[in-house]
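Coordinates as given in structure_25.cif (mmCIF, C-alpha atoms):
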data_data
#
loop_
_atom_site.label_atom_id
_atom_site.label_comp_id
_atom_site.auth_asym_id
_atom_site.auth_seq_id
_atom_site.Cartn_x
_atom_site.Cartn_y
_atom_site.Cartn_z
CA MET U 1 54.33 133.18 43.01
CA GLU U 2 55.99 136.42 41.96
CA LEU U 3 58.41 136.32 39.05
CA ASP U 4 61.01 138.78 37.90
CA ILE U 5 60.78 137.53 34.31
CA LEU U 6 58.17 135.52 32.40
CA ALA U 7 58.91 134.27 28.88
CA ILE U 8 55.75 133.52 26.90
CA ALA U 9 56.04 131.39 23.77
CA ALA U 10 53.84 129.49 21.33
CA HIS U 11 55.57 126.11 21.51
CA PRO U 12 57.86 124.11 23.80
CA ASP U 13 61.45 124.87 22.65
CA ASP U 14 60.69 128.38 21.30
CA VAL U 15 62.02 129.99 24.48
CA GLU U 16 65.17 127.86 24.48
CA ILE U 17 65.95 128.80 20.88
CA THR U 18 65.14 132.51 20.95
CA CYS U 19 66.16 133.61 24.45
CA GLY U 20 67.57 130.60 26.30
CA GLY U 21 70.95 132.25 26.82
CA THR U 22 69.36 135.37 28.26
CA ILE U 23 67.23 133.31 30.64
CA LEU U 24 70.31 131.43 31.84
CA LYS U 25 72.10 134.73 32.39
CA MET U 26 69.19 136.16 34.37
CA VAL U 27 68.85 133.01 36.47
CA ASP U 28 72.57 133.17 37.26
CA ALA U 29 72.06 136.80 38.30
CA GLY U 30 69.56 135.67 40.91
CA TYR U 31 66.28 136.51 39.19
CA ARG U 32 63.17 134.33 39.42
CA VAL U 33 62.30 133.31 35.87
CA GLY U 34 59.30 131.40 34.52
CA ILE U 35 58.09 130.09 31.15
CA LEU U 36 54.53 129.98 29.82
CA ASP U 37 54.10 127.77 26.74
CA LEU U 38 50.76 128.37 25.03
CA THR U 39 50.54 125.08 23.11
CA ALA U 40 51.85 121.54 23.52
CA GLY U 41 53.21 121.44 19.96
CA GLU U 42 50.90 118.52 19.20
CA THR U 43 50.56 119.21 15.47
CA GLY U 44 54.29 119.42 14.86
CA THR U 45 55.82 117.08 12.30
CA ARG U 46 58.01 115.43 14.91
CA GLY U 47 57.25 114.21 18.40
CA ASN U 48 53.92 114.38 20.22
CA ALA U 49 52.38 116.34 23.08
CA ALA U 50 53.32 113.88 25.84
CA LEU U 51 56.93 113.58 24.68
CA ARG U 52 57.37 117.31 24.22
CA ALA U 53 55.95 117.93 27.70
CA LYS U 54 58.66 115.71 29.19
CA GLU U 55 61.30 117.43 27.08
CA ALA U 56 60.02 120.84 28.23
CA GLN U 57 60.42 119.90 31.88
CA ARG U 58 63.97 118.63 31.28
CA ALA U 59 64.78 121.89 29.50
CA ALA U 60 63.27 123.88 32.37
CA LYS U 61 65.68 122.17 34.76
CA ALA U 62 68.58 122.85 32.40
CA LEU U 63 67.65 126.55 32.33
CA GLY U 64 67.11 126.73 36.08
CA VAL U 65 63.69 128.40 35.87
CA VAL U 66 61.44 128.24 38.94
CA HIS U 67 58.20 127.70 37.02
CA ARG U 68 57.00 126.31 33.70
CA GLU U 69 53.46 125.58 32.58
CA ASN U 70 51.41 125.00 29.43
CA LEU U 71 48.00 126.50 28.61
CA HIS U 72 47.20 123.82 25.99
CA ILE U 73 45.81 126.24 23.44
CA PRO U 74 45.50 124.29 20.13
CA ASP U 75 48.81 124.10 18.26
CA ALA U 76 48.77 125.79 14.83
CA GLY U 77 45.61 127.50 16.05
CA VAL U 78 46.76 130.24 18.40
CA GLU U 79 44.27 133.06 18.06
CA ALA U 80 44.25 136.47 19.70
CA ASN U 81 40.63 136.06 20.81
CA ARG U 82 39.16 137.18 24.11
CA GLU U 83 39.13 133.67 25.59
CA ASN U 84 42.86 133.20 25.04
CA LYS U 85 43.67 136.73 26.18
CA LEU U 86 41.89 136.10 29.46
CA LYS U 87 43.68 132.76 29.92
CA VAL U 88 47.05 134.48 29.60
CA ALA U 89 45.94 137.52 31.61
CA ALA U 90 44.96 135.22 34.48
CA ARG U 91 48.45 133.73 34.53
CA ILE U 92 49.98 137.22 34.41
CA ARG U 93 48.00 138.07 37.53
CA ALA U 94 49.00 134.86 39.25
CA LEU U 95 52.72 135.02 38.37
CA ARG U 96 53.04 138.83 38.57
CA PRO U 97 56.17 139.23 36.42
CA HIS U 98 58.11 142.48 36.30
CA THR U 99 59.36 141.78 32.77
CA VAL U 100 57.67 139.73 30.03
CA ILE U 101 59.45 138.32 26.99
CA LEU U 102 57.23 137.78 23.92
CA PRO U 103 57.87 136.55 20.37
CA TYR U 104 58.39 139.30 17.80
CA TRP U 105 55.13 140.49 16.21
CA GLU U 106 56.04 139.39 12.66
CA GLY U 107 57.43 136.13 11.27
CA ARG U 108 56.93 132.94 9.31
CA HIS U 109 54.85 130.95 11.80
CA PRO U 110 51.39 132.39 12.60
CA ASP U 111 51.52 130.96 16.14
CA HIS U 112 54.69 132.94 16.85
CA TYR U 113 53.58 136.39 15.79
CA THR U 114 50.05 135.85 17.11
CA THR U 115 51.52 134.98 20.52
CA GLY U 116 53.32 138.33 20.45
CA ARG U 117 50.07 140.21 19.93
CA LEU U 118 48.08 137.97 22.28
CA GLY U 119 50.68 138.31 25.03
CA TYR U 120 50.80 142.09 24.77
CA GLU U 121 47.03 142.48 24.97
CA ALA U 122 46.83 139.98 27.84
CA CYS U 123 49.40 142.02 29.79
CA PHE U 124 47.19 145.08 29.31
CA LEU U 125 44.00 143.29 30.34
CA ALA U 126 45.66 141.85 33.44
CA GLY U 127 46.00 145.37 34.83
CA LEU U 128 42.34 146.34 34.53
CA ALA U 129 40.94 146.51 38.06
CA LYS U 130 37.30 146.15 36.98
CA LEU U 131 37.89 143.18 34.69
CA GLU U 132 36.06 140.11 35.98
CA LEU U 133 39.10 137.90 36.31
CA GLU U 134 40.52 136.00 39.25
CA GLY U 135 43.47 137.54 41.04
CA LYS U 136 44.65 141.04 41.85
CA PRO U 137 45.29 143.36 38.90
CA HIS U 138 48.88 143.35 37.68
CA ARG U 139 50.57 144.79 34.64
CA PRO U 140 54.24 144.02 33.83
CA PHE U 141 56.58 146.99 33.92
CA LYS U 142 58.49 145.95 30.82
CA ILE U 143 57.67 143.97 27.66
CA ILE U 144 60.46 142.95 25.33
CA TYR U 145 60.32 140.93 22.11
CA ALA U 146 62.71 138.10 21.21
CA SER U 147 63.44 138.57 17.50
CA GLN U 148 65.81 135.71 16.67
CA TYR U 149 63.20 134.02 14.46
CA VAL U 150 63.19 137.20 12.32
CA PRO U 151 66.92 137.84 11.70
CA THR U 152 66.27 140.67 9.23
CA VAL U 153 64.91 142.88 12.03
CA ARG U 154 67.41 145.29 13.55
CA PRO U 155 67.47 144.70 17.33
CA THR U 156 66.87 147.43 19.87
CA PHE U 157 69.47 145.73 22.04
CA VAL U 158 71.48 142.50 22.17
CA VAL U 159 72.28 140.48 25.28
CA ASP U 160 75.79 139.03 25.57
CA ILE U 161 75.32 135.26 26.07
CA THR U 162 78.91 134.23 25.38
CA GLU U 163 79.35 132.57 28.77
CA HIS U 164 75.95 130.88 28.53
CA PHE U 165 75.94 129.66 24.95
CA GLU U 166 76.98 126.05 25.63
CA ARG U 167 74.34 125.71 28.34
CA LYS U 168 71.77 127.15 25.94
CA LEU U 169 72.62 124.33 23.52
CA LYS U 170 72.15 121.75 26.28
CA ALA U 171 68.68 123.13 26.95
CA ILE U 172 67.83 122.97 23.24
CA PHE U 173 69.12 119.40 23.07
CA CYS U 174 66.52 118.42 25.67
CA PHE U 175 64.06 118.54 22.76
CA GLY U 176 65.54 115.54 20.99
CA SER U 177 62.30 114.79 19.16
CA GLN U 178 62.76 117.92 17.06
CA PHE U 179 66.07 116.93 15.46
CA SER U 180 66.41 114.99 12.23
CA PRO U 181 68.81 112.10 11.63
CA LYS U 182 71.76 113.43 9.67
CA LYS U 183 70.71 111.56 6.52
CA GLU U 184 67.28 113.22 6.62
CA PHE U 185 68.56 116.76 6.98
CA GLN U 186 65.94 119.42 6.22
CA ASN U 187 66.05 123.16 6.68
CA LEU U 188 63.33 123.23 9.35
CA PHE U 189 64.58 120.16 11.22
CA PRO U 190 68.37 120.34 11.59
CA SER U 191 70.23 117.30 12.78
CA ARG U 192 71.73 117.35 16.26
CA ALA U 193 75.16 117.55 14.64
CA ASP U 194 74.14 120.65 12.70
CA ILE U 195 72.32 122.55 15.43
CA ASN U 196 75.61 123.65 17.01
CA ALA U 197 76.72 125.34 13.80
CA ARG U 198 73.33 126.90 13.14
CA MET U 199 72.88 128.32 16.64
CA ALA U 200 76.51 129.45 16.76
CA SER U 201 76.17 131.23 13.41
CA GLU U 202 73.06 133.12 14.48
CA ALA U 203 74.43 133.97 17.93
CA ARG U 204 77.73 135.07 16.37
CA HIS U 205 75.89 137.37 13.98
CA PHE U 206 74.12 139.19 16.79
CA GLY U 207 77.16 139.09 19.05
CA LEU U 208 79.19 140.95 16.44
CA MET U 209 76.69 143.80 16.63
CA ILE U 210 77.84 144.55 20.18
CA GLY U 211 81.44 143.38 19.94
CA VAL U 212 81.07 140.03 21.74
CA ARG U 213 81.20 136.42 20.60
CA TYR U 214 77.56 135.36 21.05
CA GLY U 215 74.40 137.41 21.48
CA GLU U 216 70.60 137.22 21.50
CA PRO U 217 68.50 140.01 19.91
CA PHE U 218 65.51 141.83 21.37
CA VAL U 219 63.19 144.63 20.28
CA THR U 220 61.16 147.13 22.29
CA TYR U 221 58.43 149.49 21.15
CA GLU U 222 59.58 152.25 23.46
CA VAL U 223 62.83 154.22 23.48
CA THR U 224 65.41 153.33 26.15
CA GLU U 225 66.54 155.97 28.62
CA VAL U 226 70.26 156.69 29.05
CA ASP U 227 71.48 158.55 32.13
CA ASP U 228 75.20 158.72 31.39
CA ILE U 229 76.36 158.97 27.77
CA VAL U 230 79.99 158.52 28.82
CA LYS U 231 79.26 155.02 30.16
CA MET U 232 77.20 153.82 27.19
CA PRO U 233 78.40 150.35 26.08
CA VAL U 234 79.43 149.21 22.56
CA LYS U 235 82.06 151.17 20.65
CA SER U 236 81.01 153.28 17.68
CA LEU U 237 84.35 153.03 15.80
#
Could you rewrite the structure in this file as structure tokens?
Amino acid sequence: MELDILAIAAHPDDVEITCGGTILKMVDAGYRVGILDLTAGETGTRGNAALRAKEAQRAAKALGVVHRENLHIPDAGVEANRENKLKVAARIRALRPHTVILPYWEGRHPDHYTTGRLGYEACFLAGLAKLELEGKPHRPFKIIYASQYVPTVRPTFVVDITEHFERKLKAIFCFGSQFSPKKEFQNLFPSRADINARMASEARHFGLMIGVRYGEPFVTYEVTEVDDIVKMPVKSL
């Protein structure tokens, strides 16, 4: 299988929350998109591994991705060790993505920011021809970081997901085990009734940065090339 885009995340539902709208937009544009979840989310407060696996497959259908798999690295124990790097590198070689989406390299949850580092180093290792690893060497052309979990970070760019926002919510709602009853509302586990407002507020914040209704933020290490400064999007004044 050869993918245009591969989103790598620590837990089932991370992709839906941080870049689900972008994935929907890319799928609608005709690109082949896949998801690689590193853990089954088995140590989470709500749900269990079996239930979250079923929810992940429902969400994959809602997003329209052509591939989703789980590496079953221990939840709350994602480490950027050589064993895990090689596991991810092997999947990079097998799936051969042009673009990889990773979690931002800082944040509250260790699994999230460790996945960012682990994913980057795995992408590098996957391109080493002399590395003893199954499959032909392959290194993604582009790596971008989804930064929605770290709203204080200024994005390198924002993707307009206005037309895809409602479908993003439907994909998130596939993970029903992660929502609290309204009477048990907690900050980390919003009720289903509240998730609309929370997601809309965050997407609206980033959308305003580029003059649209809803957006998703991303960061790159490298500077972006511009060929025509007359056609650059987003007004300055």
Considering all atoms listed in the file, tabulate each residue of segment 110-140 of chain U that lies at most 10 Å from segment 27-39 of chain U along with its nearest interatomic pair and the corresponding distance in Å to one decimal; arrange the rows by chain and ascending residue number and present them as a Markdown table.
| residue | atom | partner | partner_atom | distance |
| --- | --- | --- | --- | --- |
| U:Asp111 | CA | U:Thr39 | CA | 9.2 |
| U:Thr115 | CA | U:Leu38 | CA | 8.0 |
| U:Gly119 | CA | U:Leu38 | CA | 9.9 |
Within-12 Å shell of (54.7, 142.6, 20.4) in input frame, only C-alpha atoms, as a PyMOL selection string: chain U and resi 8-9+100-107+112-124+142-147+218-222
For the atom pair atom CA of Val88 of chain U and atom CA of Leu128 of chain U, what is the interatomic distance in Å to one decimal place?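 Taking atom CA of Val88 of chain U and atom CA of Leu128 of chain U, their separation equals 13.7 Å.
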With the PyMOL selection byres ((chain U and resi 51) around 12) as the selection, what would be picked from this file? Answer as a PDB file with C-alpha atoms, keeping the file's coordinate frame, please.
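Written out: out.pdb:
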ATOM      1  CA  PRO U  12      57.860 124.110  23.800  1.00  0.00           C
ATOM      2  CA  ALA U  40      51.850 121.540  23.520  1.00  0.00           C
ATOM      3  CA  GLY U  41      53.210 121.440  19.960  1.00  0.00           C
ATOM      4  CA  GLU U  42      50.900 118.520  19.200  1.00  0.00           C
ATOM      5  CA  GLY U  44      54.290 119.420  14.860  1.00  0.00           C
ATOM      6  CA  ARG U  46      58.010 115.430  14.910  1.00  0.00           C
ATOM      7  CA  GLY U  47      57.250 114.210  18.400  1.00  0.00           C
ATOM      8  CA  ASN U  48      53.920 114.380  20.220  1.00  0.00           C
ATOM      9  CA  ALA U  49      52.380 116.340  23.080  1.00  0.00           C
ATOM     10  CA  ALA U  50      53.320 113.880  25.840  1.00  0.00           C
ATOM     11  CA  ARG U  52      57.370 117.310  24.220  1.00  0.00           C
ATOM     12  CA  ALA U  53      55.950 117.930  27.700  1.00  0.00           C
ATOM     13  CA  LYS U  54      58.660 115.710  29.190  1.00  0.00           C
ATOM     14  CA  GLU U  55      61.300 117.430  27.080  1.00  0.00           C
ATOM     15  CA  ALA U  56      60.020 120.840  28.230  1.00  0.00           C
ATOM     16  CA  GLN U  57      60.420 119.900  31.880  1.00  0.00           C
ATOM     17  CA  ARG U  58      63.970 118.630  31.280  1.00  0.00           C
ATOM     18  CA  CYS U 174      66.520 118.420  25.670  1.00  0.00           C
ATOM     19  CA  PHE U 175      64.060 118.540  22.760  1.00  0.00           C
ATOM     20  CA  GLY U 176      65.540 115.540  20.990  1.00  0.00           C
ATOM     21  CA  SER U 177      62.300 114.790  19.160  1.00  0.00           C
ATOM     22  CA  GLN U 178      62.760 117.920  17.060  1.00  0.00           C
TER      23      GLN U 178
END
Atom CA of Asp75 of chain U sits from atom CA of Thr43 of chain U at a separation of 5.9 Å
Tell me which protein, DNA and RNA residues are within 10 Å of Lys235 of chain U, counting only C-alpha atoms, leaving out same-chain ones fewer than 4 positions away, and put them as JSON, numbers by chain. {"U": [209, 210, 211]}
